[in-house]
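Novice: The structure that follows is given in the form of structure tokens.
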Amino acid sequence: MTVADFQAPKGVPEYFPPRSAAFLAVRDALAYPATHAGYGYIELPVFEDTALFVRGVGESTDVVSKEMYTFLDRGERSLSLRPEGTAGVMRSIVENRMDQGSLPVKLWYAGPFFRAERPQHGRYRQLQQVGLEAVGGDDPALDAEVIALADEGYRRLGLSHYRLDLTSLGCAECRPAYREELIAFLSTCDLDDATRARAQMNPLRVLDDKREQVQVQLTNAPLMVDRLCDACREHYDAVRGFLRDAGVQWQEAPRLVRGLDYYTRTTFEFTHEMLGAQSGIGGGGRYDGLMESVGGAALSGIGFGLGTDRTLLACEAEGLEVGAGPRVDAFVVPIGEQARHLSVRLIAELREAGVRVDMAYGGRGVKGSMKAADRSGAPAVIIMGDDEVASKSVQVKDMHEGSQRSVALDGLVAELKKTVTQEGTT
RNA sequence: GUGGGUGUAGCUCAGCUGGUAGAGCGCCGCGUUGUGGUCGCGGAUGCCGCGGGUUCAAGUCCCGUCACUCACCCCA
């Protein structure tokens, strides 16, 4: 193996053909439901004022306290690569007065996020997410919509080995008292130092500790869902009712916790059973105090972030051929200089007409060109030599059948275009 | 960040207790004229991850390092 001078930064995945086609297909499938439910696209900065994440996501979260890529720019401003999407969306809504229009504000986004974690299969320092936010509404039907849209994205890809965990984390009314109760309970448990410290900082987090020796002690731990205030209880019941209406299956997960501080009430997570420890393929929830905490109006919101990388891994684990298929509809094989000039003209016309087409470059000879044509996956190959140039026609070869026929140059574009649109509708 | 595993051709991997590298797939060429896939024949390709150590001799043993990977943690 030749030793390269450079490597991609640690923990950063790269997608190139043919797998990149699957990556794009996953991203598009996850975004599709949002684009068909009234969500508008928002393109956000990849880095923001560090304080936005500290305040929005929460100072005590691991994501902010030890996983952010933070740096000073030339004006000595502290900036951070975004570790998640919601805080940036809130900032943009406030800054651009989107909350002054009709509510809820519905936005979706896609792109890279950054967390300085130890890389693992499915855990990357640059991770790709598709997310959406619905801000300015606390209708429980909106909670159900958001969850249903995530579920629909996974189903569009054909995934089946995943599940949805759902719970309610309460609100500013009922959570503080529960939190105290939980802290008191945890102080009676036999925990190691690190866990003890976590119990003080973020007691909820201890609930989903994976270690058995911890879990056995938590059997009788108090649960938030049993301590919800009336308003939260009603909201949660309503959400579940609408989820049933939407036909979404879920599992009650009273110990579900999320790593970001802003979540309130409805909280959910999608996990895939074939991904090992990095099983979370998406998650989200309601965040009722977030916008206010970044300086906006007291509008509540709900949203999700779906992991594009992990969803791709999940598709692969299930053996789904996502985004497969030929990259072009036709491939042109010119023989001779005259034909090469005509071919360049022809592919321009074909592409203009919406036909995906490539041609043989480099003058490798007919055999080599046909081989390239085969590898392109194109179902149709257009062969053009001196004879065809003279008769203003081409040979069109059906690569599946192996059959070949002569087609007049005049009607070629129209004919291929027809084939392509037919395939597109089936 | 903590602990374990792995690192040999483009890919997947073999290489027993140390004796200066192999397979399959892929790639390139040939099988006569302007035709791919299948088949047959032929061919190229390795700082054996990197650095050090032990040894007459290291892909093989030891140390370090980097990368990947599994679990914890965290989360998408």
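Chain lettering (A, B, ...) mirrors the order of the structure tokens, residue numbering begins at 1 for each chain separately, and ligand numbering begins at 1 in order of display.
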Which neighbours of Gly365 in chain A fall inside 12 Å, counting only C-alpha atoms (C1' of nucleotides), when residues of the same chain fewer than 4 positions from it are skipped, and could you give them as a ChimeraX atom specification?

Specialist: /A:333-337,360-361,369-372,385 /B:34-35

Novice: Contacts from chain A to chain B, 6 Å maximum, only C-alpha atoms (C1' of nucleotides): show me the residue list as a ChimeraX atom specification.

Specialist: /A:281-282,306-307,370-371,374

Novice: Could you write out that same residue set with C-alpha atoms as an mmCIF file, in the first residue's frame?

Specialist:
```
data_model
loop_
_atom_site.group_PDB
_atom_site.id
_atom_site.type_symbol
_atom_site.label_atom_id
_atom_site.label_comp_id
_atom_site.auth_asym_id
_atom_site.auth_seq_id
_atom_site.Cartn_x
_atom_site.Cartn_y
_atom_site.Cartn_z
ATOM 1 C CA ILE A 281 -30.849 6.403 14.329
ATOM 2 C CA GLY A 282 -32.878 9.446 15.247
ATOM 3 C CA LEU A 306 -32.248 11.867 12.157
ATOM 4 C CA GLY A 307 -28.820 10.380 11.652
ATOM 5 C CA MET A 370 -17.991 -1.163 -24.963
ATOM 6 C CA LYS A 371 -16.511 -2.359 -21.737
ATOM 7 C CA ASP A 374 -21.134 -1.983 -19.827
#
```

Novice: Mind giving me the straight-line distance from CA of Arg211 in chain A to CA of Gly285 in chain A in Å, one decimal?

Specialist: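 Interatomic distance, CA of Arg211 in chain A to CA of Gly285 in chain A: 25.4 Å.
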
Novice: If I take CA of Leu182 in chain A and CA of Met68 in chain A, how far is one from the other in Å, to one decimal?

Specialist: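 Distance reported for this atom pair: 28.9 Å.
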
Novice: Step one, run DSSP on the backbone; step two, keep only residues of range 63-97 of chain A assigned to helix (DSSP H, G or I); then write them as a ChimeraX atom specification.

Specialist: /A:63-66,86-95

Novice: Store the residues of this selection in a file with N, CA and C atoms, as a tab-separated table (two decimals), in the first residue's frame.

Specialist:
```
chain	number	residue	atom	x	y	z
A	63	VAL	N	-22.27	16.99	25.38
A	63	VAL	CA	-22.10	17.54	24.03
A	63	VAL	C	-21.42	18.90	24.08
A	64	VAL	N	-21.86	19.74	24.99
A	64	VAL	CA	-21.29	21.09	25.08
A	64	VAL	C	-20.01	21.11	25.92
A	65	SER	N	-20.02	20.38	27.01
A	65	SER	CA	-18.89	20.52	27.94
A	65	SER	C	-17.62	19.82	27.47
A	66	LYS	N	-17.75	18.76	26.69
A	66	LYS	CA	-16.51	18.14	26.24
A	66	LYS	C	-16.45	17.67	24.81
A	86	THR	N	-30.85	22.27	16.41
A	86	THR	CA	-31.99	23.02	16.92
A	86	THR	C	-31.65	24.43	17.41
A	87	ALA	N	-30.53	24.55	18.12
A	87	ALA	CA	-30.18	25.87	18.65
A	87	ALA	C	-30.00	26.88	17.52
A	88	GLY	N	-29.36	26.45	16.44
A	88	GLY	CA	-29.15	27.34	15.30
A	88	GLY	C	-30.46	27.75	14.65
A	89	VAL	N	-31.37	26.81	14.55
A	89	VAL	CA	-32.67	27.13	13.95
A	89	VAL	C	-33.39	28.16	14.81
A	90	MET	N	-33.34	27.99	16.13
A	90	MET	CA	-34.00	28.94	17.04
A	90	MET	C	-33.38	30.33	16.87
A	91	ARG	N	-32.06	30.37	16.82
A	91	ARG	CA	-31.38	31.65	16.64
A	91	ARG	C	-31.84	32.33	15.37
A	92	SER	N	-31.92	31.54	14.30
A	92	SER	CA	-32.29	32.11	13.01
A	92	SER	C	-33.74	32.59	12.99
A	93	ILE	N	-34.61	31.84	13.64
A	93	ILE	CA	-36.02	32.23	13.71
A	93	ILE	C	-36.16	33.58	14.41
A	94	VAL	N	-35.45	33.71	15.53
A	94	VAL	CA	-35.52	34.96	16.30
A	94	VAL	C	-34.88	36.10	15.50
A	95	GLU	N	-33.67	35.86	15.00
A	95	GLU	CA	-32.93	36.91	14.31
A	95	GLU	C	-33.65	37.38	13.05
```

Novice: Give me, as a PyMOL selection string, all polymer residues having an atom no more than 12 Å from Ser160 in chain A, counting only C-alpha atoms (C1' of nucleotides) and skipping those fewer than 2 positions away in the same chain.

Specialist: chain A and resi 151-158+162-164+249+270-274+311+314-315+317-320

Novice: With N, CA and C atoms retained, export the selected residues as a PDB file, in the first residue's frame.

Specialist:
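Dumped to part-v6.pdb:
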```
ATOM      1  N   ASP A 151     -40.910   8.616  11.295  1.00  0.00           N
ATOM      2  CA  ASP A 151     -41.241   7.213  11.040  1.00  0.00           C
ATOM      3  C   ASP A 151     -41.439   6.963   9.550  1.00  0.00           C
ATOM      4  N   GLU A 152     -42.089   7.906   8.894  1.00  0.00           N
ATOM      5  CA  GLU A 152     -42.348   7.751   7.470  1.00  0.00           C
ATOM      6  C   GLU A 152     -41.044   7.724   6.674  1.00  0.00           C
ATOM      7  N   GLY A 153     -40.079   8.536   7.106  1.00  0.00           N
ATOM      8  CA  GLY A 153     -38.784   8.548   6.427  1.00  0.00           C
ATOM      9  C   GLY A 153     -38.124   7.189   6.454  1.00  0.00           C
ATOM     10  N   TYR A 154     -38.129   6.573   7.616  1.00  0.00           N
ATOM     11  CA  TYR A 154     -37.521   5.242   7.738  1.00  0.00           C
ATOM     12  C   TYR A 154     -38.285   4.209   6.910  1.00  0.00           C
ATOM     13  N   ARG A 155     -39.594   4.324   6.952  1.00  0.00           N
ATOM     14  CA  ARG A 155     -40.396   3.343   6.212  1.00  0.00           C
ATOM     15  C   ARG A 155     -40.208   3.489   4.714  1.00  0.00           C
ATOM     16  N   ARG A 156     -40.033   4.726   4.256  1.00  0.00           N
ATOM     17  CA  ARG A 156     -39.799   4.947   2.822  1.00  0.00           C
ATOM     18  C   ARG A 156     -38.577   4.184   2.346  1.00  0.00           C
ATOM     19  N   LEU A 157     -37.616   4.049   3.218  1.00  0.00           N
ATOM     20  CA  LEU A 157     -36.390   3.341   2.846  1.00  0.00           C
ATOM     21  C   LEU A 157     -36.580   1.824   2.913  1.00  0.00           C
ATOM     22  N   GLY A 158     -37.677   1.415   3.505  1.00  0.00           N
ATOM     23  CA  GLY A 158     -37.924  -0.016   3.619  1.00  0.00           C
ATOM     24  C   GLY A 158     -37.399  -0.617   4.903  1.00  0.00           C
ATOM     25  N   TYR A 162     -36.457  -1.496  13.294  1.00  0.00           N
ATOM     26  CA  TYR A 162     -36.230  -0.364  14.186  1.00  0.00           C
ATOM     27  C   TYR A 162     -37.447  -0.185  15.069  1.00  0.00           C
ATOM     28  N   ARG A 163     -37.268   0.560  16.156  1.00  0.00           N
ATOM     29  CA  ARG A 163     -38.422   0.805  16.994  1.00  0.00           C
ATOM     30  C   ARG A 163     -38.407   2.229  17.530  1.00  0.00           C
ATOM     31  N   LEU A 164     -39.564   2.642  17.947  1.00  0.00           N
ATOM     32  CA  LEU A 164     -39.732   3.999  18.450  1.00  0.00           C
ATOM     33  C   LEU A 164     -39.989   3.945  19.949  1.00  0.00           C
ATOM     34  N   GLN A 249     -46.582   3.090  15.410  1.00  0.00           N
ATOM     35  CA  GLN A 249     -46.362   2.153  16.510  1.00  0.00           C
ATOM     36  C   GLN A 249     -45.242   2.666  17.398  1.00  0.00           C
ATOM     37  N   PHE A 270     -35.546   6.825  18.016  1.00  0.00           N
ATOM     38  CA  PHE A 270     -35.664   5.644  17.145  1.00  0.00           C
ATOM     39  C   PHE A 270     -34.361   4.860  17.257  1.00  0.00           C
ATOM     40  N   THR A 271     -34.473   3.576  17.499  1.00  0.00           N
ATOM     41  CA  THR A 271     -33.268   2.752  17.550  1.00  0.00           C
ATOM     42  C   THR A 271     -33.401   1.591  16.580  1.00  0.00           C
ATOM     43  N   HIS A 272     -32.261   1.194  16.070  1.00  0.00           N
ATOM     44  CA  HIS A 272     -32.227   0.080  15.120  1.00  0.00           C
ATOM     45  C   HIS A 272     -31.503  -1.078  15.778  1.00  0.00           C
ATOM     46  N   GLU A 273     -32.074  -2.272  15.643  1.00  0.00           N
ATOM     47  CA  GLU A 273     -31.561  -3.396  16.417  1.00  0.00           C
ATOM     48  C   GLU A 273     -30.322  -4.058  15.831  1.00  0.00           C
ATOM     49  N   MET A 274     -29.874  -3.615  14.652  1.00  0.00           N
ATOM     50  CA  MET A 274     -28.738  -4.288  14.046  1.00  0.00           C
ATOM     51  C   MET A 274     -27.477  -3.424  14.016  1.00  0.00           C
ATOM     52  N   THR A 311     -28.529   5.791   9.566  1.00  0.00           N
ATOM     53  CA  THR A 311     -29.654   5.234   8.811  1.00  0.00           C
ATOM     54  C   THR A 311     -29.130   4.479   7.596  1.00  0.00           C
ATOM     55  N   ALA A 314     -27.973   1.266   8.801  1.00  0.00           N
ATOM     56  CA  ALA A 314     -29.123   0.415   9.098  1.00  0.00           C
ATOM     57  C   ALA A 314     -29.662  -0.222   7.817  1.00  0.00           C
ATOM     58  N   CYS A 315     -29.736   0.572   6.759  1.00  0.00           N
ATOM     59  CA  CYS A 315     -30.198   0.038   5.470  1.00  0.00           C
ATOM     60  C   CYS A 315     -29.264  -1.074   5.014  1.00  0.00           C
ATOM     61  N   ALA A 317     -27.366  -2.901   6.898  1.00  0.00           N
ATOM     62  CA  ALA A 317     -27.504  -4.046   7.793  1.00  0.00           C
ATOM     63  C   ALA A 317     -28.730  -4.885   7.417  1.00  0.00           C
ATOM     64  N   GLU A 318     -29.756  -4.217   6.925  1.00  0.00           N
ATOM     65  CA  GLU A 318     -30.956  -4.949   6.526  1.00  0.00           C
ATOM     66  C   GLU A 318     -30.881  -5.452   5.090  1.00  0.00           C
ATOM     67  N   GLY A 319     -29.759  -5.161   4.437  1.00  0.00           N
ATOM     68  CA  GLY A 319     -29.590  -5.631   3.064  1.00  0.00           C
ATOM     69  C   GLY A 319     -30.454  -4.899   2.048  1.00  0.00           C
ATOM     70  N   LEU A 320     -30.851  -3.673   2.367  1.00  0.00           N
ATOM     71  CA  LEU A 320     -31.676  -2.900   1.438  1.00  0.00           C
ATOM     72  C   LEU A 320     -30.777  -2.237   0.397  1.00  0.00           C
TER      73      LEU A 320
END
```

Novice: By how many Å are CA of Ser406 in chain A and CA of Ala330 in chain A apart?

Specialist: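 Between these atoms lies a distance of 15.3 Å.
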
Novice: Set the distance at 10 Å and use only C-alpha atoms (C1' of nucleotides): which residues neighbour Arg82 in chain A once local chain neighbours fewer than 5 positions away are removed? I'd like the list as a PDB file with N, CA and C atoms, in the first residue's frame.

Specialist:
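Resulting contents of selection36.pdb:
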```pdb
ATOM      1  N   LEU A  44     -28.334  26.678   7.213  1.00  0.00           N
ATOM      2  CA  LEU A  44     -27.787  27.339   8.395  1.00  0.00           C
ATOM      3  C   LEU A  44     -26.274  27.363   8.396  1.00  0.00           C
ATOM      4  N   PRO A  45     -25.702  28.281   9.170  1.00  0.00           N
ATOM      5  CA  PRO A  45     -24.243  28.280   9.316  1.00  0.00           C
ATOM      6  C   PRO A  45     -23.779  26.986   9.991  1.00  0.00           C
ATOM      7  N   VAL A  46     -22.588  26.574   9.623  1.00  0.00           N
ATOM      8  CA  VAL A  46     -22.031  25.362  10.201  1.00  0.00           C
ATOM      9  C   VAL A  46     -21.336  25.706  11.525  1.00  0.00           C
ATOM     10  N   PHE A  47     -21.014  26.973  11.713  1.00  0.00           N
ATOM     11  CA  PHE A  47     -20.494  27.376  13.019  1.00  0.00           C
ATOM     12  C   PHE A  47     -21.286  28.572  13.537  1.00  0.00           C
ATOM     13  N   GLU A  48     -21.343  28.664  14.841  1.00  0.00           N
ATOM     14  CA  GLU A  48     -22.122  29.719  15.487  1.00  0.00           C
ATOM     15  C   GLU A  48     -21.325  30.236  16.685  1.00  0.00           C
ATOM     16  N   ASP A  49     -21.823  31.319  17.227  1.00  0.00           N
ATOM     17  CA  ASP A  49     -21.313  31.842  18.487  1.00  0.00           C
ATOM     18  C   ASP A  49     -21.349  30.707  19.529  1.00  0.00           C
ATOM     19  N   THR A  50     -20.216  30.465  20.176  1.00  0.00           N
ATOM     20  CA  THR A  50     -20.145  29.374  21.155  1.00  0.00           C
ATOM     21  C   THR A  50     -21.234  29.487  22.214  1.00  0.00           C
ATOM     22  N   LEU A  52     -24.195  30.427  22.045  1.00  0.00           N
ATOM     23  CA  LEU A  52     -25.516  29.951  21.621  1.00  0.00           C
ATOM     24  C   LEU A  52     -25.711  28.500  22.042  1.00  0.00           C
ATOM     25  N   PHE A  53     -24.685  27.694  21.830  1.00  0.00           N
ATOM     26  CA  PHE A  53     -24.798  26.279  22.193  1.00  0.00           C
ATOM     27  C   PHE A  53     -24.719  26.090  23.707  1.00  0.00           C
ATOM     28  N   VAL A  64     -21.860  19.744  24.993  1.00  0.00           N
ATOM     29  CA  VAL A  64     -21.290  21.085  25.079  1.00  0.00           C
ATOM     30  C   VAL A  64     -20.012  21.111  25.920  1.00  0.00           C
ATOM     31  N   MET A  68     -17.392  19.807  21.937  1.00  0.00           N
ATOM     32  CA  MET A  68     -17.500  20.839  20.917  1.00  0.00           C
ATOM     33  C   MET A  68     -16.142  21.204  20.328  1.00  0.00           C
ATOM     34  N   TYR A  69     -16.159  21.481  19.034  1.00  0.00           N
ATOM     35  CA  TYR A  69     -14.983  22.027  18.367  1.00  0.00           C
ATOM     36  C   TYR A  69     -15.088  23.538  18.475  1.00  0.00           C
ATOM     37  N   THR A  70     -14.357  24.094  19.410  1.00  0.00           N
ATOM     38  CA  THR A  70     -14.436  25.523  19.665  1.00  0.00           C
ATOM     39  C   THR A  70     -13.121  26.198  19.295  1.00  0.00           C
ATOM     40  N   ALA A  87     -30.535  24.547  18.121  1.00  0.00           N
ATOM     41  CA  ALA A  87     -30.176  25.867  18.650  1.00  0.00           C
ATOM     42  C   ALA A  87     -29.996  26.878  17.523  1.00  0.00           C
ATOM     43  N   GLY A  88     -29.355  26.451  16.436  1.00  0.00           N
ATOM     44  CA  GLY A  88     -29.148  27.343  15.302  1.00  0.00           C
ATOM     45  C   GLY A  88     -30.456  27.752  14.645  1.00  0.00           C
ATOM     46  N   PRO A 112     -23.922  18.600   7.908  1.00  0.00           N
ATOM     47  CA  PRO A 112     -22.977  18.018   8.857  1.00  0.00           C
ATOM     48  C   PRO A 112     -23.011  18.687  10.226  1.00  0.00           C
ATOM     49  N   PHE A 113     -22.780  17.874  11.253  1.00  0.00           N
ATOM     50  CA  PHE A 113     -22.651  18.361  12.620  1.00  0.00           C
ATOM     51  C   PHE A 113     -21.369  17.773  13.184  1.00  0.00           C
ATOM     52  N   PHE A 114     -20.877  18.359  14.255  1.00  0.00           N
ATOM     53  CA  PHE A 114     -19.538  17.994  14.706  1.00  0.00           C
ATOM     54  C   PHE A 114     -19.478  17.741  16.200  1.00  0.00           C
ATOM     55  N   ARG A 115     -18.918  16.613  16.565  1.00  0.00           N
ATOM     56  CA  ARG A 115     -18.733  16.310  17.978  1.00  0.00           C
ATOM     57  C   ARG A 115     -17.405  15.600  18.132  1.00  0.00           C
TER      58      ARG A 115
END
```

Novice: Within 12 Å of A14 in chain B, counting only C-alpha atoms (C1' of nucleotides), which residues qualify if same-chain residues fewer than 6 places away don't, as number ranges by chain?

Specialist: B: 8, 21-24

Novice: Let's have the selection written as a compact mmCIF listing (two decimals), in the first residue's frame, with N, CA and C atoms (P, O5', C5', C4', C3', O3' and C1' of nucleotides).

Specialist:
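Saved as out.txt:
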```txt
# COMPACT_ATOMS: atom_id res chain seq x y z
P U B 8 -4.17 -5.07 6.35
O5' U B 8 -2.95 -5.85 5.67
C5' U B 8 -1.68 -5.25 5.56
C4' U B 8 -0.80 -6.14 4.72
C3' U B 8 -1.44 -6.62 3.44
O3' U B 8 -1.36 -5.65 2.40
C1' U B 8 -0.54 -8.47 4.56
P A B 21 9.75 -12.84 0.09
O5' A B 21 8.98 -14.20 -0.17
C5' A B 21 8.00 -14.22 -1.16
C4' A B 21 6.68 -14.55 -0.48
C3' A B 21 5.57 -14.52 -1.49
O3' A B 21 5.43 -15.87 -1.90
C1' A B 21 5.00 -13.24 0.43
P G B 22 5.10 -16.07 -3.41
O5' G B 22 3.56 -16.14 -3.10
C5' G B 22 2.62 -16.41 -4.02
C4' G B 22 1.40 -16.90 -3.28
C3' G B 22 0.09 -16.44 -3.89
O3' G B 22 -0.23 -17.23 -5.02
C1' G B 22 -0.02 -16.18 -1.55
P A B 23 -1.14 -16.63 -6.13
O5' A B 23 -2.58 -16.99 -5.54
C5' A B 23 -2.90 -18.35 -5.24
C4' A B 23 -4.26 -18.41 -4.58
C3' A B 23 -5.35 -17.65 -5.33
O3' A B 23 -5.90 -18.45 -6.37
C1' A B 23 -5.42 -17.10 -3.03
P G B 24 -6.50 -17.74 -7.65
O5' G B 24 -7.89 -17.19 -7.11
C5' G B 24 -8.94 -18.08 -6.75
C4' G B 24 -10.07 -17.30 -6.10
C3' G B 24 -10.58 -16.11 -6.92
O3' G B 24 -11.52 -16.50 -7.90
C1' G B 24 -10.19 -15.42 -4.69
```

Novice: Leaving out U20 in chain B and any residue of its chain fewer than 6 positions from it, which residues lie within 12 Å of it when counting only C-alpha atoms (C1' of nucleotides), given as a PyMOL selection string?

Specialist: chain B and resi 48+57-59

Novice: So that I have them on file, write out the residues from the current selection with N, CA and C atoms (P, O5', C5', C4', C3', O3' and C1' of nucleotides), as an mmCIF file, in the first residue's frame.

Specialist:
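File produced: part-v6.cif:
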```cif
data_model
loop_
_atom_site.group_PDB
_atom_site.id
_atom_site.type_symbol
_atom_site.label_atom_id
_atom_site.label_comp_id
_atom_site.auth_asym_id
_atom_site.auth_seq_id
_atom_site.Cartn_x
_atom_site.Cartn_y
_atom_site.Cartn_z
ATOM 1 P P C B 48 6.174 -3.439 3.334
ATOM 2 O "O5'" C B 48 5.026 -4.416 3.815
ATOM 3 C "C5'" C B 48 3.678 -3.903 4.000
ATOM 4 C "C4'" C B 48 2.920 -4.840 4.940
ATOM 5 C "C3'" C B 48 3.585 -4.943 6.307
ATOM 6 O "O3'" C B 48 2.924 -4.249 7.371
ATOM 7 C "C1'" C B 48 3.303 -7.114 5.297
ATOM 8 P P A B 57 20.568 -10.321 12.619
ATOM 9 O "O5'" A B 57 19.464 -11.049 11.729
ATOM 10 C "C5'" A B 57 19.493 -10.900 10.314
ATOM 11 C "C4'" A B 57 18.447 -11.786 9.679
ATOM 12 C "C3'" A B 57 17.027 -11.552 10.157
ATOM 13 O "O3'" A B 57 16.425 -10.470 9.459
ATOM 14 C "C1'" A B 57 17.486 -13.868 10.133
ATOM 15 P P A B 58 15.375 -9.542 10.178
ATOM 16 O "O5'" A B 58 14.116 -10.501 10.416
ATOM 17 C "C5'" A B 58 13.391 -11.079 9.324
ATOM 18 C "C4'" A B 58 11.904 -10.918 9.579
ATOM 19 C "C3'" A B 58 11.435 -9.467 9.624
ATOM 20 O "O3'" A B 58 10.100 -9.377 9.133
ATOM 21 C "C1'" A B 58 11.060 -10.471 11.723
ATOM 22 P P G B 59 9.883 -9.289 7.545
ATOM 23 O "O5'" G B 59 8.296 -9.246 7.494
ATOM 24 C "C5'" G B 59 7.576 -8.117 7.960
ATOM 25 C "C4'" G B 59 6.177 -8.518 8.368
ATOM 26 C "C3'" G B 59 6.100 -9.325 9.658
ATOM 27 O "O3'" G B 59 5.998 -8.478 10.771
ATOM 28 C "C1'" G B 59 4.840 -10.410 7.952
#
```
